[in-house]
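File shown here: structure09.cif, holding mmCIF, C-alpha atoms.
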```cif
data_structure
loop_
_atom_site.label_atom_id
_atom_site.label_comp_id
_atom_site.auth_asym_id
_atom_site.auth_seq_id
_atom_site.Cartn_x
_atom_site.Cartn_y
_atom_site.Cartn_z
CA MET A 17 113.29 130.51 156.85
CA SER A 18 116.80 131.77 156.18
CA ASP A 19 118.37 133.98 153.54
CA TRP A 20 121.26 133.13 151.28
CA THR A 21 124.38 135.05 152.27
CA ASP A 22 127.80 135.68 150.76
CA ARG A 23 130.80 134.64 152.82
CA PRO A 24 133.57 137.30 152.81
CA GLY A 25 136.70 136.06 151.10
CA GLU A 26 135.03 132.95 149.68
CA PRO A 27 134.56 132.88 145.90
CA PRO A 28 131.08 131.99 144.63
CA PRO A 29 130.60 128.48 143.31
CA GLU A 30 130.85 128.15 139.59
CA TRP A 31 127.69 127.79 137.52
CA THR A 32 127.58 124.79 135.20
CA PRO A 33 125.02 124.01 132.51
CA HIS A 34 122.02 122.14 133.84
CA ARG A 35 121.88 118.55 132.57
CA GLY A 36 118.77 117.39 134.35
CA PRO A 37 116.79 117.69 137.59
CA LEU A 38 118.65 116.98 140.79
CA ALA A 39 117.01 115.19 143.70
CA PRO A 40 117.52 116.97 147.02
CA PRO A 41 115.34 116.10 149.98
CA PRO A 42 111.85 117.58 149.46
CA SER A 43 111.60 121.01 150.96
CA THR A 44 109.43 124.08 150.67
CA ARG A 45 112.16 126.37 151.97
CA THR A 46 112.49 129.47 149.86
CA ALA A 47 115.77 131.23 149.32
CA PRO A 48 115.42 135.01 149.10
CA LEU A 49 118.35 137.02 147.89
CA PRO A 50 120.66 134.42 146.37
CA GLY A 51 124.14 135.84 146.70
CA MET A 52 122.90 138.68 148.91
CA PRO A 53 122.84 139.17 152.69
CA SER A 54 119.78 139.08 154.92
CA PRO A 55 117.40 142.04 154.49
CA ALA A 56 118.28 142.98 158.06
CA ALA A 57 121.98 143.40 157.30
CA PRO A 58 122.95 147.10 157.16
CA GLY A 59 124.71 148.90 154.42
CA ARG A 60 123.88 146.72 151.41
CA TYR A 61 120.65 148.29 150.20
CA ASP A 62 119.88 151.64 148.66
CA SER A 63 117.92 153.78 151.08
CA GLY A 64 115.17 154.57 148.58
CA PRO A 65 114.37 156.71 145.58
CA HIS A 66 117.09 158.93 144.24
CA PRO A 67 116.60 162.55 145.38
CA ARG A 68 116.41 163.69 141.78
CA GLY A 69 113.36 161.53 141.28
CA GLY A 70 113.23 158.04 139.88
CA ARG A 71 116.75 157.71 138.47
CA GLY A 72 118.39 156.11 141.47
CA SER A 73 118.49 152.73 139.73
CA ARG A 74 121.13 153.88 137.27
CA ASN A 75 124.70 152.89 137.99
CA PRO A 76 126.91 156.04 138.07
CA ARG A 77 129.64 154.08 136.30
CA ARG A 78 127.37 153.75 133.28
CA ARG A 79 127.40 157.49 132.79
CA ALA A 80 130.86 157.07 131.28
CA GLY A 81 129.09 155.37 128.39
CA ARG A 82 126.90 158.38 127.67
CA GLY A 83 128.69 158.87 124.36
CA ARG A 84 127.68 155.37 123.31
CA ARG A 85 124.07 156.22 124.24
CA TYR A 86 124.19 159.29 122.00
CA LEU A 87 125.52 157.16 119.14
CA ARG A 88 122.75 154.63 119.72
CA THR A 89 120.16 157.41 119.72
CA ALA A 90 121.59 158.75 116.48
CA ALA A 91 121.35 155.28 114.94
CA VAL A 92 117.71 155.00 115.98
CA LEU A 93 116.94 158.42 114.54
CA ALA A 94 118.63 157.45 111.30
CA SER A 95 116.58 154.27 111.13
CA VAL A 96 113.23 155.95 111.66
CA LEU A 97 114.12 158.69 109.20
CA VAL A 98 114.64 156.00 106.58
CA LEU A 99 111.42 154.24 107.54
CA GLY A 100 109.11 157.21 107.68
CA GLY A 101 110.66 160.47 108.72
CA ALA A 102 111.15 162.30 112.01
CA GLY A 103 107.40 162.22 112.59
CA THR A 104 107.58 158.44 112.99
CA TYR A 105 110.08 158.79 115.81
CA VAL A 106 108.00 161.43 117.60
CA TRP A 107 104.85 159.36 117.12
CA ALA A 108 106.47 156.18 118.45
CA ASP A 109 108.10 157.92 121.40
CA SER A 110 104.81 159.56 122.36
CA ARG A 111 103.04 156.17 122.42
CA LEU A 112 105.31 154.65 125.07
CA ASP A 113 103.27 153.75 128.16
CA GLN A 114 105.79 154.56 130.90
CA GLU A 115 103.58 153.58 133.82
CA VAL A 116 106.18 151.74 135.97
CA ASP A 117 108.22 153.94 138.33
CA LEU A 118 111.29 151.95 139.37
CA GLY A 119 112.59 154.93 141.31
CA ALA A 120 109.63 154.74 143.70
CA LEU A 121 110.18 151.12 144.77
CA GLY A 122 112.05 152.06 147.94
CA ALA A 123 114.84 149.84 149.29
CA ARG A 124 116.44 147.84 146.49
CA VAL A 125 119.51 145.74 145.85
CA PRO A 126 122.68 147.62 144.81
CA ALA A 127 123.23 148.49 141.17
CA GLY A 128 125.46 146.11 139.25
CA GLU A 129 127.62 146.30 136.15
CA GLY A 130 126.12 146.44 132.68
CA THR A 131 122.39 146.82 132.01
CA THR A 132 119.65 144.38 133.01
CA TYR A 133 116.13 144.34 131.55
CA LEU A 134 113.16 142.50 133.03
CA VAL A 135 111.10 141.38 130.04
CA VAL A 136 107.59 140.14 130.83
CA GLY A 137 104.94 138.56 128.65
CA SER A 138 101.63 139.07 130.42
CA ASP A 139 98.20 137.57 129.88
CA SER A 140 96.62 141.02 129.84
CA ARG A 141 93.59 140.94 127.57
CA GLU A 142 93.59 144.69 127.01
CA GLY A 143 92.89 145.43 123.36
CA LEU A 144 91.10 142.12 122.77
CA SER A 145 87.41 141.94 121.95
CA GLU A 146 85.22 139.16 123.31
CA GLN A 147 85.51 137.41 119.95
CA ASP A 148 89.31 137.81 120.03
CA ARG A 149 89.43 136.21 123.47
CA LYS A 150 87.36 133.29 122.22
CA ASP A 151 89.43 132.86 119.07
CA LEU A 152 92.73 133.01 120.98
CA ASN A 153 91.60 130.75 123.86
CA THR A 154 92.64 133.39 126.38
CA GLY A 155 89.57 133.09 128.61
CA SER A 156 88.01 136.13 130.24
CA ALA A 157 89.93 136.41 133.52
CA ASP A 158 90.45 139.95 134.73
CA GLY A 159 93.79 141.35 135.84
CA ARG A 160 97.26 140.39 134.64
CA ARG A 161 99.43 137.33 135.17
CA THR A 162 102.79 136.44 133.70
CA ASP A 163 103.20 133.97 130.88
CA SER A 164 106.96 134.56 130.66
CA VAL A 165 109.58 136.27 132.82
CA ILE A 166 113.05 136.89 131.40
CA LEU A 167 116.14 138.60 132.78
CA LEU A 168 118.12 140.00 129.85
CA HIS A 169 121.58 141.26 130.76
CA THR A 170 123.97 143.02 128.42
CA GLY A 171 127.41 144.46 129.09
CA ALA A 172 131.11 144.27 128.32
CA ASN A 173 131.02 140.46 128.35
CA GLY A 174 128.14 139.96 125.97
CA THR A 175 124.45 139.29 126.34
CA THR A 176 122.73 136.68 128.52
CA MET A 177 119.04 135.80 128.54
CA VAL A 178 117.81 133.91 131.61
CA SER A 179 114.25 132.55 131.71
CA LEU A 180 112.65 132.44 135.15
CA PRO A 181 109.78 129.89 135.24
CA ARG A 182 106.60 131.60 136.35
CA ASP A 183 106.05 128.74 138.85
CA SER A 184 109.41 129.41 140.55
CA TRP A 185 109.13 129.01 144.34
CA VAL A 186 110.41 132.31 145.71
CA THR A 187 109.92 134.72 148.59
CA LEU A 188 107.61 137.65 148.01
CA PRO A 189 108.86 140.73 149.89
CA PRO A 190 106.52 142.63 152.23
CA TYR A 191 103.93 144.47 150.15
CA VAL A 192 100.70 146.45 150.27
CA ASP A 193 97.75 145.22 148.24
CA PRO A 194 97.10 148.09 145.77
CA GLY A 195 93.37 147.32 145.76
CA THR A 196 92.66 147.03 149.49
CA GLY A 197 95.58 148.84 151.11
CA ARG A 198 96.19 145.82 153.34
CA SER A 199 99.80 145.08 154.29
CA TYR A 200 101.37 141.63 153.98
CA ARG A 201 104.59 140.21 155.38
CA ALA A 202 107.24 138.43 153.32
CA THR A 203 105.90 135.05 152.30
CA PRO A 204 106.83 132.09 150.07
CA ASP A 205 104.83 131.82 146.85
CA LYS A 206 105.17 131.31 143.12
CA LEU A 207 106.83 134.03 141.05
CA ASN A 208 103.62 134.51 139.08
CA ALA A 209 101.80 135.43 142.29
CA ALA A 210 103.98 138.53 142.67
CA PHE A 211 102.66 139.91 139.40
CA SER A 212 99.02 139.03 140.04
CA LEU A 213 99.08 140.41 143.60
CA GLY A 214 101.11 143.56 143.12
CA GLY A 215 101.70 144.11 139.40
CA PRO A 216 105.05 145.16 137.92
CA ASP A 217 106.23 146.86 141.14
CA LEU A 218 105.97 143.70 143.25
CA LEU A 219 107.33 141.54 140.43
CA VAL A 220 110.45 143.70 140.11
CA ARG A 221 111.00 143.70 143.88
CA THR A 222 110.50 139.92 144.02
CA VAL A 223 112.96 139.27 141.18
CA GLU A 224 115.54 141.55 142.80
CA ARG A 225 115.06 139.98 146.25
CA ASN A 226 115.49 136.44 144.95
CA THR A 227 118.30 137.04 142.46
CA GLY A 228 120.25 139.96 143.91
CA VAL A 229 120.27 141.49 140.39
CA ARG A 230 119.20 145.11 139.99
CA VAL A 231 116.56 145.68 137.27
CA ASP A 232 117.47 148.75 135.20
CA HIS A 233 114.57 148.65 132.74
CA TYR A 234 111.15 146.97 132.63
CA ALA A 235 109.23 145.98 129.48
CA GLU A 236 105.91 144.11 129.32
CA ILE A 237 103.75 143.14 126.37
CA GLY A 238 100.23 141.70 126.47
CA PHE A 239 98.46 139.12 124.33
CA ALA A 240 97.13 141.62 121.78
CA GLY A 241 100.54 143.15 121.19
CA PHE A 242 102.21 139.76 120.79
CA VAL A 243 99.67 138.57 118.23
CA GLY A 244 99.78 141.91 116.40
CA VAL A 245 103.57 141.88 116.06
CA VAL A 246 103.63 138.36 114.64
CA ASP A 247 100.84 139.10 112.18
CA ALA A 248 102.41 142.40 111.10
CA LEU A 249 105.59 140.48 110.25
CA GLY A 250 103.60 138.09 108.08
CA GLY A 251 104.08 135.22 110.53
CA VAL A 252 107.16 133.57 112.00
CA ASP A 253 108.86 130.43 110.66
CA LEU A 254 109.36 127.56 113.10
CA CYS A 255 110.23 123.88 112.72
CA LEU A 256 108.62 121.41 115.14
CA GLY A 257 109.95 117.93 115.75
CA ARG A 258 106.54 116.63 116.79
CA PRO A 259 102.91 117.76 116.68
CA VAL A 260 101.88 120.23 119.38
CA ARG A 261 98.30 119.99 120.63
CA ASP A 262 96.97 121.62 123.77
CA LYS A 263 93.28 122.21 124.44
CA ASP A 264 93.83 124.96 127.02
CA SER A 265 96.02 127.19 124.84
CA GLY A 266 94.35 126.19 121.57
CA ALA A 267 97.60 124.87 120.06
CA ASN A 268 97.03 122.43 117.17
CA LEU A 269 100.22 122.39 115.13
CA PRO A 270 101.59 119.57 112.95
CA ALA A 271 105.18 118.40 113.00
CA GLY A 272 107.55 119.97 110.47
CA CYS A 273 108.52 123.45 109.31
CA GLN A 274 105.71 125.99 109.04
CA THR A 275 104.83 129.67 109.36
CA LEU A 276 102.89 130.49 112.51
CA ASP A 277 100.45 133.38 112.50
CA GLY A 278 99.85 135.42 115.64
CA ALA A 279 97.16 133.16 117.12
CA GLU A 280 99.18 130.00 116.47
CA ALA A 281 102.34 131.56 117.90
CA LEU A 282 100.52 132.65 121.07
CA ALA A 283 99.10 129.15 121.54
CA PHE A 284 102.56 127.63 121.06
CA VAL A 285 104.36 129.77 123.61
CA ARG A 286 101.56 129.40 126.18
CA GLN A 287 101.13 125.61 126.08
CA ARG A 288 102.92 123.50 128.66
CA LYS A 289 100.77 120.44 129.46
CA GLN A 290 102.23 118.55 126.52
CA GLU A 291 105.76 119.33 127.72
CA ALA A 292 107.44 116.60 129.78
CA ARG A 293 108.92 119.24 132.09
CA GLY A 294 105.89 121.52 132.25
CA ASP A 295 106.85 125.12 132.95
CA LEU A 296 110.51 124.44 132.12
CA GLY A 297 109.49 123.06 128.74
CA ARG A 298 107.42 126.15 128.11
CA THR A 299 110.38 128.47 128.79
CA ARG A 300 112.47 126.54 126.25
CA ASN A 301 109.70 126.93 123.66
CA GLN A 302 109.49 130.64 124.40
CA GLN A 303 113.22 131.04 123.84
CA ARG A 304 113.00 129.12 120.56
CA PHE A 305 110.17 131.29 119.35
CA LEU A 306 111.86 134.54 120.41
CA ALA A 307 114.90 133.49 118.38
CA ALA A 308 112.72 132.91 115.31
CA LEU A 309 110.86 136.19 115.87
CA ALA A 310 114.11 138.16 116.21
CA ARG A 311 115.48 136.62 113.01
CA LYS A 312 112.36 137.61 111.07
CA ALA A 313 112.13 141.12 112.49
CA ALA A 314 115.81 141.89 111.90
CA THR A 315 115.97 140.96 108.22
CA PRO A 316 116.87 143.82 105.85
CA ALA A 317 113.64 143.22 103.94
CA THR A 318 111.59 143.81 107.08
CA LEU A 319 113.54 146.82 108.32
CA ALA A 320 113.55 148.53 104.91
CA ASP A 321 109.84 148.06 104.21
CA PRO A 322 107.66 150.67 105.97
CA SER A 323 104.54 148.66 105.12
CA THR A 324 105.88 145.95 107.45
CA SER A 325 108.08 147.80 109.95
CA VAL A 326 105.61 150.54 110.87
CA PRO A 327 102.64 148.18 111.53
CA THR A 328 105.00 145.98 113.56
CA LEU A 329 106.07 148.95 115.63
CA ARG A 330 102.46 150.07 116.08
CA ALA A 331 101.33 146.57 117.16
CA GLY A 332 104.12 146.30 119.67
CA LEU A 333 103.47 149.72 121.18
CA ASP A 334 99.73 149.12 121.52
CA THR A 335 100.08 146.93 124.64
CA LEU A 336 103.67 147.66 125.64
CA ILE A 337 104.29 148.90 129.20
CA VAL A 338 107.72 150.17 130.24
CA ASP A 339 109.31 151.99 133.15
CA ASP A 340 109.46 155.77 133.14
CA GLY A 341 113.20 155.69 132.42
CA THR A 342 112.78 153.73 129.20
CA GLU A 343 112.76 155.68 125.95
CA LEU A 344 112.79 154.59 122.32
CA PRO A 345 116.61 154.20 122.17
CA ASP A 346 116.42 151.94 125.23
CA LEU A 347 113.83 149.77 123.47
CA MET A 348 116.08 149.54 120.43
CA ALA A 349 118.96 148.50 122.69
CA LEU A 350 116.68 145.89 124.30
CA PHE A 351 115.69 144.50 120.90
CA GLU A 352 119.32 144.38 119.79
CA ALA A 353 120.33 142.56 122.99
CA MET A 354 117.51 140.05 122.53
CA ARG A 355 118.47 139.56 118.89
CA LYS A 356 122.06 138.81 119.91
CA ALA A 357 121.05 136.43 122.69
CA THR A 358 118.70 134.46 120.45
CA GLY A 359 120.79 134.66 117.29
CA GLY A 360 123.93 132.90 118.48
CA GLY A 361 125.74 136.04 119.59
CA GLY A 362 124.83 135.56 123.25
CA ARG A 363 123.62 133.02 125.77
CA GLN A 364 120.12 131.61 126.36
CA LEU A 365 119.74 129.95 129.76
CA ASN A 366 117.13 128.68 132.16
CA VAL A 367 117.69 129.30 135.85
CA PRO A 368 119.31 126.15 137.32
CA VAL A 369 116.66 123.92 138.88
CA ALA A 370 116.88 121.36 141.69
CA ASP A 371 113.27 120.18 141.64
CA PRO A 372 110.83 120.91 138.79
CA ASP A 373 107.89 119.46 140.74
CA LEU A 374 108.23 120.75 144.29
CA ARG A 375 105.11 120.13 146.37
CA THR A 376 104.03 123.29 148.19
CA SER A 377 100.99 124.80 149.83
CA LYS A 378 100.36 126.54 146.48
CA GLY A 379 100.58 123.37 144.41
CA SER A 380 103.45 122.15 142.25
CA ALA A 381 106.30 124.67 141.94
CA VAL A 382 109.84 124.91 140.54
CA LYS A 383 112.64 124.94 143.12
CA TRP A 384 115.88 126.61 142.02
CA ASP A 385 119.26 124.99 142.62
CA GLU A 386 120.55 127.37 145.29
CA ARG A 387 124.29 127.00 144.70
CA ARG A 388 124.24 127.13 140.93
CA ALA A 389 121.58 129.84 140.72
CA ARG A 390 123.55 132.02 143.12
CA ALA A 391 126.66 131.68 140.95
CA LEU A 392 124.68 132.53 137.81
CA PHE A 393 123.10 135.63 139.31
CA SER A 394 126.43 136.76 140.76
CA ALA A 395 127.90 136.56 137.25
CA LEU A 396 125.09 138.73 135.88
CA ARG A 397 125.46 141.24 138.70
CA GLU A 398 129.21 141.54 138.11
CA ASP A 399 128.90 141.45 134.30
CA ARG A 400 130.87 138.20 133.99
CA PRO A 401 130.17 135.38 131.54
CA PRO A 402 128.24 132.62 133.36
CA GLY A 403 130.15 129.41 133.89
#
```
Now that the file is in, can you turn its structure into structure tokens?
Amino acid sequence: MSDWTDRPGEPPPEWTPHRGPLAPPPSTRTAPLPGMPSPAAPGRYDSGPHPRGGRGSRNPRRRAGRGRRYLRTAAVLASVLVLGGAGTYVWADSRLDQEVDLGALGARVPAGEGTTYLVVGSDSREGLSEQDRKDLNTGSADGRRTDSVILLHTGANGTTMVSLPRDSWVTLPPYVDPGTGRSYRATPDKLNAAFSLGGPDLLVRTVERNTGVRVDHYAEIGFAGFVGVVDALGGVDLCLGRPVRDKDSGANLPAGCQTLDGAEALAFVRQRKQEARGDLGRTRNQQRFLAALARKAATPATLADPSTSVPTLRAGLDTLIVDDGTELPDLMALFEAMRKATGGGGRQLNVPVADPDLRTSKGSAVKWDERRARALFSALREDRPPG
């Protein structure tokens, strides 16, 4: 198993929009660190947590934008004052579950330009009653797995959202099982396995290892929060070109334009067996729905109505998990970046794929196109427009 490496003096290949699956010889080779050197190469990784404690992931060059951060904070404060007073801001800020410590992850890839968020939709059932689980077709499995993984990058050259299929065939870095304390070596597996085996910490390290892109902020929302947000908004409008029916997710939606409630929306974004391209089809549906959700949440009528905006905020915070460096202004910046990416002011992409049905020891997986994926991730790392 070999790593992808950069060649000094050789420009990265250009990324071009994916038009369909390529057909390389079948292989289960994984490609850790696209655009990055081998883990054994010296001098390219941070040595560990920042001595000041957990802030080593921040790029020093971003500190020049501190004034913009203050302006953003002021804008957030102004918004919450309109919606419900200073108490709303204090209440919301105090409810942030900052359980992920990115500064404690140890050796990581170098910081890049701009800001990159790892946005995760998990199948955590926290906050759901047994009846809720039955009604939502979530099952009763313990633990957390990913239903969506998105890299959202924003910087001087706009905003880019990149969906990473949860069945992506990647290399998990060495890790320690948090339940047993047993150590494991680097191994090929699906991206979703990183989250189920080691939670957010291992997922962040796996994404960084396989993309070469530094994660600056982490945000995760569970089933209950997703459903609550959609319902608090009064549903989300979506037009479907064909009926969507899936027994596993519970989706049973007719063709045409309709308003999806929280349960229907959850079933829609989770279903994939009806999609011709499986996990890749699901990521496209998730991007479509996020665009519709952002449009609904950002309307003046929603923002100016405390009876809608406050319950929406409460529902989102109920199952939201973020890193300890994420505060309310950062969440507002994340929402604004997502709104731009899904509203035509940015780019929505899937990671380039060479084989959507790679046969592996873990079942069918999604194999990235090494050359094109490396160029895409290099563009994110350097804050350049992809392509």
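Distances from A:Ala370, A:Cys273, A:Leu309, A:Ala389 to Val246 (chain A) were compared using all atoms listed in the file, and the smallest one belongs to A:Leu309.
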Legend entry - Between CA of Asp193 (chain A) and CA of Phe211 (chain A), distance in Å (one decimal): 11.4 Å
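The space between CA of Glu129 (chain A) and CA of Thr170 (chain A) spans 9.2 Å.
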Legend entry - One-decimal distance in Å that lies between CA of Leu276 (chain A) and CA of Pro259 (chain A): 13.4 Å
Inset, instruction - Convert the output of the PyMOL selection byres ((chain A and resi 269) around 12) on the shown file into explicit residues, formatted as a VMD selection string. - result: chain A and resid 254 to 263 265 to 268 270 to 277 279 to 285 287
